[in-house]
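Okay, structure_9.cif is below, mmCIF, C-alpha atoms:
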```
data_start
loop_
_atom_site.label_atom_id
_atom_site.label_comp_id
_atom_site.auth_asym_id
_atom_site.auth_seq_id
_atom_site.Cartn_x
_atom_site.Cartn_y
_atom_site.Cartn_z
CA MET A 293 -13.66 -12.83 11.57
CA ASP A 294 -16.97 -10.99 11.79
CA LEU A 295 -16.17 -7.55 13.20
CA ASP A 296 -19.81 -6.99 14.21
CA ALA A 297 -19.57 -10.11 16.37
CA VAL A 298 -16.26 -8.92 17.86
CA ARG A 299 -17.80 -5.50 18.57
CA THR A 300 -20.78 -7.19 20.24
CA PHE A 301 -18.47 -9.34 22.35
CA VAL A 302 -16.56 -6.27 23.59
CA ALA A 303 -19.80 -4.43 24.38
CA ALA A 304 -21.15 -7.41 26.33
CA ALA A 305 -17.85 -7.84 28.20
CA ASP A 306 -17.85 -4.16 29.19
CA ALA A 307 -21.53 -4.11 30.16
CA GLY A 308 -21.59 -7.49 31.91
CA GLN A 309 -25.09 -8.08 30.54
CA PHE A 310 -26.37 -8.96 27.07
CA GLN A 311 -29.39 -6.68 27.58
CA GLU A 312 -27.23 -3.59 28.20
CA ALA A 313 -24.98 -4.50 25.26
CA ALA A 314 -28.08 -4.76 23.06
CA ALA A 315 -29.23 -1.30 24.14
CA GLU A 316 -25.78 0.20 23.46
CA LEU A 317 -25.61 -1.38 19.99
CA ALA A 318 -29.27 -0.64 19.19
CA ILE A 319 -30.04 -4.30 18.44
CA THR A 320 -32.14 -6.92 20.19
CA GLN A 321 -30.87 -9.10 23.02
CA GLN A 322 -31.56 -12.10 20.80
CA ALA A 323 -29.20 -10.62 18.15
CA VAL A 324 -26.51 -10.19 20.79
CA SER A 325 -26.84 -13.82 21.85
CA LYS A 326 -26.74 -14.98 18.23
CA ARG A 327 -23.60 -12.97 17.42
CA ILE A 328 -21.80 -14.22 20.52
CA ALA A 329 -22.80 -17.81 19.70
CA VAL A 330 -21.43 -17.45 16.15
CA LEU A 331 -18.16 -16.00 17.48
CA GLU A 332 -17.82 -18.80 20.03
CA ARG A 333 -18.41 -21.36 17.29
CA ASP A 334 -15.78 -19.74 15.05
CA LEU A 335 -13.24 -19.64 17.89
CA GLY A 336 -14.12 -23.06 19.24
CA VAL A 337 -14.33 -21.84 22.86
CA ARG A 338 -16.86 -20.50 25.35
CA LEU A 339 -16.45 -16.76 25.90
CA PHE A 340 -19.12 -16.16 28.55
CA THR A 341 -20.65 -18.02 31.44
CA ARG A 342 -24.29 -17.05 31.84
CA THR A 343 -25.27 -16.22 35.42
CA PRO A 344 -28.48 -14.91 37.05
CA ARG A 345 -26.83 -11.49 37.23
CA GLY A 346 -25.73 -11.40 33.60
CA ALA A 347 -22.72 -12.74 31.71
CA ARG A 348 -19.22 -13.35 33.07
CA LEU A 349 -16.14 -13.82 30.92
CA THR A 350 -14.58 -17.25 30.92
CA ILE A 351 -10.80 -17.65 31.04
CA ASP A 352 -10.83 -17.87 27.23
CA GLY A 353 -13.02 -14.77 27.06
CA GLN A 354 -10.58 -12.87 29.28
CA ALA A 355 -7.70 -13.95 27.03
CA PHE A 356 -9.54 -12.91 23.87
CA LEU A 357 -10.77 -9.50 25.12
CA PRO A 358 -7.56 -7.41 24.63
CA HIS A 359 -7.10 -8.88 21.17
CA ALA A 360 -10.74 -8.12 20.33
CA ARG A 361 -10.20 -4.50 21.36
CA GLU A 362 -7.10 -4.31 19.16
CA LEU A 363 -9.01 -5.80 16.22
CA LEU A 364 -11.56 -2.98 16.52
CA ARG A 365 -8.81 -0.34 16.78
CA VAL A 366 -7.10 -1.74 13.68
CA ALA A 367 -10.40 -1.68 11.81
CA GLU A 368 -10.95 1.94 12.82
CA ARG A 369 -7.45 2.92 11.63
CA ALA A 370 -8.03 1.09 8.36
CA LEU A 371 -11.24 3.04 7.76
CA ALA A 372 -9.59 6.32 8.71
CA SER A 373 -6.75 5.71 6.24
CA VAL A 374 -9.15 5.76 3.30
CA HIS A 375 -11.87 8.04 4.63
CA ALA A 376 -11.50 11.28 2.71
CA ALA A 377 -12.42 13.49 5.64
CA ARG A 378 -9.83 11.92 7.95
CA ARG A 379 -6.77 10.97 5.93
CA PRO A 380 -4.12 13.43 4.71
CA LEU A 381 -4.37 14.99 1.26
CA ARG A 382 -1.84 13.17 -0.94
CA VAL A 383 -0.22 15.42 -3.54
CA ASP A 384 2.53 14.60 -6.03
CA VAL A 385 5.30 17.02 -7.01
CA ILE A 386 8.24 16.30 -9.31
CA ALA A 387 10.95 17.63 -6.98
CA SER A 388 11.14 19.08 -3.49
CA ARG A 389 12.88 22.26 -4.70
CA GLY A 390 10.67 22.87 -7.72
CA ALA A 391 7.98 25.46 -8.32
CA ALA A 392 5.13 23.02 -7.62
CA ALA A 393 6.57 22.20 -4.20
CA GLY A 394 6.67 25.94 -3.53
CA LEU A 395 2.97 26.26 -4.38
CA LEU A 396 2.21 23.42 -2.00
CA ARG A 397 4.32 24.97 0.78
CA ASP A 398 2.40 28.23 0.39
CA PHE A 399 -0.87 26.29 0.65
CA HIS A 400 0.31 24.60 3.85
CA ARG A 401 1.28 27.94 5.39
CA VAL A 402 -2.22 29.27 4.74
CA HIS A 403 -3.97 26.03 5.78
CA PRO A 404 -1.81 24.40 8.49
CA GLU A 405 -4.88 22.53 9.76
CA ILE A 406 -4.89 20.33 6.62
CA ASP A 407 -2.68 17.25 6.81
CA LEU A 408 -0.55 16.73 3.71
CA ASP A 409 1.30 13.72 2.37
CA VAL A 410 3.77 14.92 -0.28
CA VAL A 411 4.98 12.28 -2.72
CA MET A 412 7.38 12.50 -5.67
CA LEU A 413 6.48 10.29 -8.60
CA PHE A 414 8.54 10.10 -11.77
CA ASP A 415 6.54 10.94 -14.87
CA ILE A 416 3.04 11.96 -15.88
CA GLU A 417 1.96 8.42 -16.79
CA THR A 418 2.82 7.22 -13.29
CA ALA A 419 1.09 10.23 -11.74
CA VAL A 420 -2.10 9.80 -13.80
CA ALA A 421 -2.26 6.09 -12.94
CA ALA A 422 -1.93 6.96 -9.25
CA ILE A 423 -4.69 9.58 -9.54
CA ARG A 424 -7.04 7.10 -11.23
CA SER A 425 -6.32 4.36 -8.67
CA GLY A 426 -6.81 6.71 -5.72
CA THR A 427 -3.21 6.33 -4.53
CA ILE A 428 -2.84 10.13 -4.70
CA ASP A 429 -5.38 12.95 -4.78
CA ALA A 430 -3.59 15.38 -7.09
CA SER A 431 -0.41 16.00 -9.03
CA PHE A 432 1.42 19.04 -10.36
CA ARG A 433 2.48 18.31 -13.96
CA ALA A 434 2.93 19.76 -17.41
CA VAL A 435 -0.09 18.24 -19.11
CA ALA A 436 0.44 15.53 -21.70
CA ALA A 437 1.23 16.12 -25.34
CA PRO A 438 -1.44 15.27 -27.96
CA ASP A 439 -0.11 11.74 -28.41
CA ARG A 440 -0.62 11.13 -24.66
CA PRO A 441 -3.89 12.92 -23.78
CA LEU A 442 -5.29 12.86 -20.28
CA PRO A 443 -8.00 10.24 -19.63
CA PRO A 444 -11.53 11.66 -19.58
CA ASP A 445 -11.88 11.08 -15.83
CA VAL A 446 -8.80 13.21 -14.99
CA ASP A 447 -9.30 16.98 -14.85
CA SER A 448 -6.60 19.64 -14.98
CA VAL A 449 -6.16 23.37 -14.53
CA ARG A 450 -3.08 25.39 -15.43
CA VAL A 451 -1.81 27.14 -12.30
CA LEU A 452 1.67 28.50 -13.02
CA ASP A 453 3.79 29.41 -16.03
CA GLU A 454 7.34 29.37 -14.72
CA PRO A 455 9.86 31.47 -16.72
CA LEU A 456 13.09 29.72 -17.65
CA GLN A 457 16.34 31.49 -16.80
CA LEU A 458 19.82 30.80 -18.10
CA LEU A 459 22.28 29.68 -15.41
CA THR A 460 25.97 30.15 -16.22
CA GLY A 461 29.30 30.07 -14.49
CA PRO A 462 31.36 33.27 -14.12
CA ALA A 463 33.54 32.54 -17.17
CA HIS A 464 30.71 31.83 -19.62
CA ALA A 465 30.47 34.11 -22.67
CA LEU A 466 27.01 35.31 -21.59
CA ALA A 467 27.76 35.65 -17.89
CA GLY A 468 27.85 39.44 -18.00
CA ALA A 469 24.54 39.90 -19.80
CA ARG A 470 21.60 41.47 -17.95
CA ALA A 471 19.24 39.48 -20.20
CA VAL A 472 19.56 37.26 -23.26
CA THR A 473 17.18 36.68 -26.13
CA VAL A 474 16.35 33.18 -27.31
CA ASP A 475 18.20 33.93 -30.56
CA GLN A 476 21.38 34.73 -28.61
CA LEU A 477 21.31 31.22 -27.14
CA VAL A 478 21.67 29.58 -30.54
CA GLY A 479 25.07 27.88 -30.76
CA HIS A 480 25.60 27.74 -26.99
CA ARG A 481 25.64 24.37 -25.23
CA ILE A 482 22.83 24.02 -22.69
CA TRP A 483 23.45 21.00 -20.50
CA MET A 484 20.46 19.32 -18.81
CA PRO A 485 21.32 15.74 -17.74
CA GLY A 486 17.95 15.33 -15.99
CA ILE A 487 16.02 15.13 -19.26
CA VAL A 488 14.66 11.58 -19.65
CA PRO A 489 13.22 10.57 -23.05
CA GLY A 490 9.47 9.96 -22.99
CA THR A 491 8.73 12.25 -20.04
CA GLU A 492 6.58 15.36 -20.20
CA TRP A 493 9.59 17.59 -19.55
CA ALA A 494 11.48 15.89 -22.40
CA ASP A 495 8.51 16.71 -24.67
CA TYR A 496 8.70 20.33 -23.56
CA TYR A 497 12.42 20.74 -24.27
CA ASP A 498 12.18 18.82 -27.56
CA HIS A 499 9.65 21.39 -28.76
CA LEU A 500 11.80 24.24 -27.44
CA VAL A 501 14.79 22.96 -29.44
CA ALA A 502 12.70 22.47 -32.57
CA GLU A 503 11.12 25.92 -32.31
CA PHE A 504 14.28 27.97 -31.76
CA GLY A 505 17.18 25.80 -32.97
CA LEU A 506 18.82 25.53 -29.57
CA THR A 507 21.39 22.95 -28.49
CA ILE A 508 20.30 21.09 -25.38
CA GLU A 509 22.48 18.18 -24.29
CA ALA A 510 21.30 15.50 -21.88
CA THR A 511 24.52 13.48 -21.94
CA GLY A 512 26.16 11.96 -18.91
CA PRO A 513 24.68 10.59 -15.68
CA ASN A 514 22.37 12.75 -13.62
CA PHE A 515 24.02 13.10 -10.21
CA GLY A 516 21.48 15.66 -9.04
CA SER A 517 21.27 19.42 -8.81
CA ASP A 518 24.37 19.92 -6.63
CA ALA A 519 26.59 18.14 -9.15
CA LEU A 520 24.96 20.14 -11.97
CA LEU A 521 25.75 23.41 -10.21
CA ASP A 522 29.36 22.30 -9.62
CA THR A 523 29.84 21.53 -13.31
CA ILE A 524 28.20 24.75 -14.56
CA ALA A 525 30.36 26.82 -12.18
CA ASP A 526 33.59 25.20 -13.43
CA THR A 527 32.86 24.82 -17.17
CA PRO A 528 32.84 28.03 -19.27
CA ALA A 529 31.35 26.26 -22.30
CA LEU A 530 28.23 25.01 -20.51
CA ALA A 531 25.05 26.67 -19.30
CA THR A 532 21.71 25.25 -18.17
CA PHE A 533 18.10 26.29 -17.82
CA MET A 534 16.59 26.79 -14.38
CA GLY A 535 13.01 27.69 -13.49
CA ALA A 536 12.61 31.12 -11.93
CA HIS A 537 10.67 29.61 -9.01
CA THR A 538 13.08 26.72 -8.43
CA ARG A 539 14.92 27.01 -5.12
CA HIS A 540 18.65 26.36 -5.07
CA VAL A 541 21.44 27.56 -2.82
CA TRP A 542 25.08 27.47 -3.87
CA PRO A 543 28.34 28.71 -2.33
CA ALA A 544 29.09 32.37 -2.99
CA GLY A 545 32.46 31.40 -4.47
CA TYR A 546 30.76 29.67 -7.40
CA GLY A 547 29.94 33.01 -9.00
CA LEU A 548 26.91 31.58 -10.78
CA ARG A 549 24.72 33.94 -12.82
CA LEU A 550 20.95 33.68 -13.34
CA ILE A 551 20.05 35.56 -16.51
CA PRO A 552 16.47 36.26 -17.72
CA VAL A 553 15.60 34.93 -21.19
CA THR A 554 13.49 37.19 -23.41
CA ASP A 555 11.95 37.63 -26.88
CA PRO A 556 10.11 35.38 -26.10
CA THR A 557 10.49 34.07 -22.57
CA PRO A 558 10.11 30.26 -22.50
CA VAL A 559 7.84 29.28 -19.61
CA TYR A 560 7.27 25.83 -18.18
CA PRO A 561 3.52 25.23 -17.68
CA HIS A 562 2.54 23.66 -14.36
CA SER A 563 -0.99 22.24 -14.07
CA LEU A 564 -2.87 20.62 -11.21
CA LEU A 565 -4.35 17.21 -12.10
CA TRP A 566 -7.01 15.32 -10.14
CA HIS A 567 -9.73 12.71 -10.61
CA HIS A 568 -13.07 14.40 -11.20
CA ASP A 569 -14.82 12.13 -8.65
CA ASN A 570 -12.26 12.59 -5.87
CA PRO A 571 -14.26 13.37 -2.69
CA HIS A 572 -11.45 14.65 -0.44
CA PRO A 573 -12.68 17.97 0.99
CA ALA A 574 -9.14 19.39 1.17
CA LEU A 575 -8.75 18.96 -2.60
CA ALA A 576 -11.43 21.59 -3.17
CA THR A 577 -9.63 23.84 -0.68
CA LEU A 578 -6.35 23.40 -2.57
CA ARG A 579 -7.99 24.23 -5.89
CA THR A 580 -9.64 27.33 -4.44
CA HIS A 581 -6.33 28.44 -2.93
CA LEU A 582 -4.47 28.02 -6.21
CA ALA A 583 -7.18 29.86 -8.15
CA ALA A 584 -6.83 32.81 -5.77
CA THR A 585 -3.06 32.93 -5.34
CA ALA A 586 -1.20 31.17 -8.17
CA PRO A 587 0.02 33.44 -10.99
CA GLY A 588 -1.62 31.31 -13.68
CA HIS A 589 -0.89 32.08 -17.33
CA SER A 590 2.00 34.33 -18.24
CA ALA A 591 1.69 37.65 -20.01
CA PRO A 592 2.23 38.13 -23.75
CA GLY A 593 5.81 37.66 -24.86
CA THR A 594 6.12 34.16 -23.45
CA TRP A 595 6.34 30.78 -25.20
CA VAL A 596 4.92 27.35 -24.47
CA PRO A 597 4.54 24.37 -26.84
CA ASP A 598 1.33 24.41 -28.85
CA TRP A 599 0.23 21.16 -27.16
CA VAL A 600 -0.08 22.78 -23.73
CA LEU A 601 -3.69 22.88 -22.59
CA GLU A 602 -5.09 26.34 -21.99
CA SER A 603 -7.47 25.22 -19.23
#
```
Is it possible to express this structure as structure tokens?
Amino acid sequence: MDLDAVRTFVAAADAGQFQEAAAELAITQQAVSKRIAVLERDLGVRLFTRTPRGARLTIDGQAFLPHARELLRVAERALASVHAARRPLRVDVIASRGAAAGLLRDFHRVHPEIDLDVVMLFDIETAVAAIRSGTIDASFRAVAAPDRPLPPDVDSVRVLDEPLQLLTGPAHALAGARAVTVDQLVGHRIWMPGIVPGTEWADYYDHLVAEFGLTIEATGPNFGSDALLDTIADTPALATFMGAHTRHVWPAGYGLRLIPVTDPTPVYPHSLLWHHDNPHPALATLRTHLAATAPGHSAPGTWVPDWVLES
């Protein structure tokens, strides 16, 4: 159905005269008559009865009017949903408790006037595809390894290097340490059931293992962070890595220990990804905010894989 014709019909119904409808729509009276005639032909009914005083709705016209108004409202909502200046900024984070979600929460506190849609996609390939299709505006990710480079139309900037900490239960051999070096972790079992082969975080930990000879196990089902914390608290032989900016709360009786890792400190590199032609005005605001507030690259004495982009 021709929405211009529907809009003309509503204007003529409200004005009661084709001439006034033409003035409101900035078209000629002849164009109004033509649009109404086309709409009547498409519907197969008469919508107006012409009178010396103007145009009066027929019974069919009265029945069609509320539906015509709704058609125009639906069209307006459809346009608003994709209009960059009106729709929310859609940003992807890996997990709601992760460091990237924290960066986005800080942005929202500073800019509460900007509507946000927060989504959680699985891996970087899914996120990049969503960026390129326009499904999302941006994503926080560790950028792809050399065998999976970013497409040329996707830009990135590194916004946060998150130090890894060792999380142990109270009976673990390292539980009493104020800090541990990477070398001291050799021979200890680090359990991380959330590592999925082929993901960007699997690439990161594969390189960490290869670089320092660590033992990271991803065995068993991943029942989520609460189950992980339960197991670490009760199993003296297991520890896990946790990002320093990751938010978790556990019962005081667990006695869990968060221990800094040093010499060097492994850091997980978070980058913001976006399509270079994305017109959403809030995306520029987000990038400016991150440039001013995010810690960015870590100081000397940290480690990241050699494939991590420096941008």
**Request:** Tell me which protein, DNA and RNA residues are within 10 Å of Asp398 in chain A, counting all atoms listed in the file, leaving out same-chain ones fewer than 5 positions away, and put them as a ChimeraX atom specification.
**Result:** /A:392-393,403-404,581-582,585-586
**Message:** On this structure, the PyMOL selection byres ((chain A and resi 453) around 12) would catch which residues? List them as a PyMOL selection string, sorted by chain and number.
**Reply:** chain A and resi 391-392+433-434+449-452+454-456+535-537+557-563+586-592+594-597+600-602
**Request:** Mind giving me the straight-line distance from CA of Ala315 in chain A to CA of Ala370 in chain A in Å, one decimal?
**Result:** 26.5 Å
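Those residues that approach Asp518 in chain A to within 10 Å, counting only C-alpha atoms, are A:Thr523, A:His540, A:Val541, A:Trp542; same-chain residues fewer than 5 positions away are not listed.
Closest approach to Leu395 in chain A among A:Phe432, A:Asp407, A:Ala529, A:Pro380: A:Phe432, based on all atoms listed in the file.
Residue nearest Ala430 in chain A within the list A:Leu477, A:Leu564, A:Ala584, A:Ala465: A:Leu564 [criterion: smallest interatomic distance, only C-alpha atoms].
With all atoms listed in the file as the atoms that count, the minimum distance from Ala347 in chain A to the choices A:Ile487, A:Ala502, A:Val366, A:Ala307 is reached by A:Ala307.
Of the listed residues (A:Asp495, A:Asp296, A:Asp522, A:Glu417), A:Glu417 comes nearest to Val446 in chain A; the distances count all atoms listed in the file.
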Skip Arg440 in chain A itself and residues of its chain fewer than 2 positions away, then list as a short mmCIF file (atom, residue, chain, number, x, y, z; two decimals) with C-alpha atoms, in the coordinates of the input all residues within 12 Å of it, counting only C-alpha atoms.
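Saved result, out-v3.cif, follows:
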```
data_model
loop_
_atom_site.label_atom_id
_atom_site.label_comp_id
_atom_site.auth_asym_id
_atom_site.auth_seq_id
_atom_site.Cartn_x
_atom_site.Cartn_y
_atom_site.Cartn_z
CA ILE A 416 3.04 11.96 -15.88
CA GLU A 417 1.96 8.42 -16.79
CA VAL A 420 -2.10 9.80 -13.80
CA ALA A 434 2.93 19.76 -17.41
CA VAL A 435 -0.09 18.24 -19.11
CA ALA A 436 0.44 15.53 -21.70
CA ALA A 437 1.23 16.12 -25.34
CA PRO A 438 -1.44 15.27 -27.96
CA LEU A 442 -5.29 12.86 -20.28
CA PRO A 443 -8.00 10.24 -19.63
CA GLY A 490 9.47 9.96 -22.99
CA THR A 491 8.73 12.25 -20.04
CA GLU A 492 6.58 15.36 -20.20
CA ASP A 495 8.51 16.71 -24.67
CA TRP A 599 0.23 21.16 -27.16
CA VAL A 600 -0.08 22.78 -23.73
#
```
**Message:** Give me the residues near His400 in chain A as an MDAnalysis selection string, where near means some atom within 12 Å (using all atoms listed in the file) and where sequence neighbours in that chain fewer than 6 positions away do not count.
**Reply:** chainID A and resid 381 383 393:394 406:410 574 577:578 581:582
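Nearest to Ala360 in chain A of all the residues A:Glu312, A:Asp294, A:Glu509, A:Asp598 is A:Asp294, based on only C-alpha atoms.
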**Item:** Atom-to-atom span, CA of Thr418 in chain A and CA of Asp384 in chain A, Å
**Value:** 10.4 Å
**Message:** Quick check, in Å to one decimal: how far apart do CA of Phe515 in chain A and CA of Pro485 in chain A lie?
**Reply:** 8.4 Å
Render range 502-515 of chain A from the structure in the preceding block as a file of N, CA and C atoms, as a PDB file, in the first residue's frame.
```pdb
ATOM      1  N   ALA A 502      51.516 -21.708  25.868  1.00  0.00           N
ATOM      2  CA  ALA A 502      52.713 -21.963  25.076  1.00  0.00           C
ATOM      3  C   ALA A 502      53.891 -21.097  25.520  1.00  0.00           C
ATOM      4  N   GLU A 503      53.609 -19.882  25.941  1.00  0.00           N
ATOM      5  CA  GLU A 503      54.676 -18.958  26.325  1.00  0.00           C
ATOM      6  C   GLU A 503      55.314 -19.332  27.663  1.00  0.00           C
ATOM      7  N   PHE A 504      54.498 -19.787  28.632  1.00  0.00           N
ATOM      8  CA  PHE A 504      55.011 -19.961  29.986  1.00  0.00           C
ATOM      9  C   PHE A 504      54.932 -21.397  30.507  1.00  0.00           C
ATOM     10  N   GLY A 505      54.440 -22.339  29.686  1.00  0.00           N
ATOM     11  CA  GLY A 505      54.389 -23.726  30.112  1.00  0.00           C
ATOM     12  C   GLY A 505      53.383 -24.000  31.213  1.00  0.00           C
ATOM     13  N   LEU A 506      52.289 -23.271  31.222  1.00  0.00           N
ATOM     14  CA  LEU A 506      51.269 -23.459  32.251  1.00  0.00           C
ATOM     15  C   LEU A 506      50.362 -24.631  31.907  1.00  0.00           C
ATOM     16  N   THR A 507      49.571 -25.047  32.898  1.00  0.00           N
ATOM     17  CA  THR A 507      48.605 -26.126  32.703  1.00  0.00           C
ATOM     18  C   THR A 507      47.214 -25.549  32.907  1.00  0.00           C
ATOM     19  N   ILE A 508      46.523 -25.311  31.803  1.00  0.00           N
ATOM     20  CA  ILE A 508      45.150 -24.814  31.861  1.00  0.00           C
ATOM     21  C   ILE A 508      44.231 -25.908  31.358  1.00  0.00           C
ATOM     22  N   GLU A 509      43.271 -26.291  32.184  1.00  0.00           N
ATOM     23  CA  GLU A 509      42.331 -27.356  31.844  1.00  0.00           C
ATOM     24  C   GLU A 509      40.959 -26.750  31.579  1.00  0.00           C
ATOM     25  N   ALA A 510      40.338 -27.195  30.492  1.00  0.00           N
ATOM     26  CA  ALA A 510      38.985 -26.731  30.159  1.00  0.00           C
ATOM     27  C   ALA A 510      37.998 -27.884  30.202  1.00  0.00           C
ATOM     28  N   THR A 511      38.319 -28.916  30.966  1.00  0.00           N
ATOM     29  CA  THR A 511      37.487 -30.116  31.011  1.00  0.00           C
ATOM     30  C   THR A 511      36.199 -29.873  31.794  1.00  0.00           C
ATOM     31  N   GLY A 512      35.218 -30.697  31.480  1.00  0.00           N
ATOM     32  CA  GLY A 512      33.951 -30.648  32.204  1.00  0.00           C
ATOM     33  C   GLY A 512      33.010 -29.606  31.643  1.00  0.00           C
ATOM     34  N   PRO A 513      31.711 -29.746  31.947  1.00  0.00           N
ATOM     35  CA  PRO A 513      30.735 -28.763  31.457  1.00  0.00           C
ATOM     36  C   PRO A 513      30.905 -27.426  32.158  1.00  0.00           C
ATOM     37  N   ASN A 514      30.531 -26.382  31.457  1.00  0.00           N
ATOM     38  CA  ASN A 514      30.587 -25.034  32.016  1.00  0.00           C
ATOM     39  C   ASN A 514      29.211 -24.680  32.582  1.00  0.00           C
ATOM     40  N   PHE A 515      29.091 -24.774  33.907  1.00  0.00           N
ATOM     41  CA  PHE A 515      27.823 -24.462  34.568  1.00  0.00           C
ATOM     42  C   PHE A 515      27.751 -23.006  35.020  1.00  0.00           C
TER      43      PHE A 515
END
```
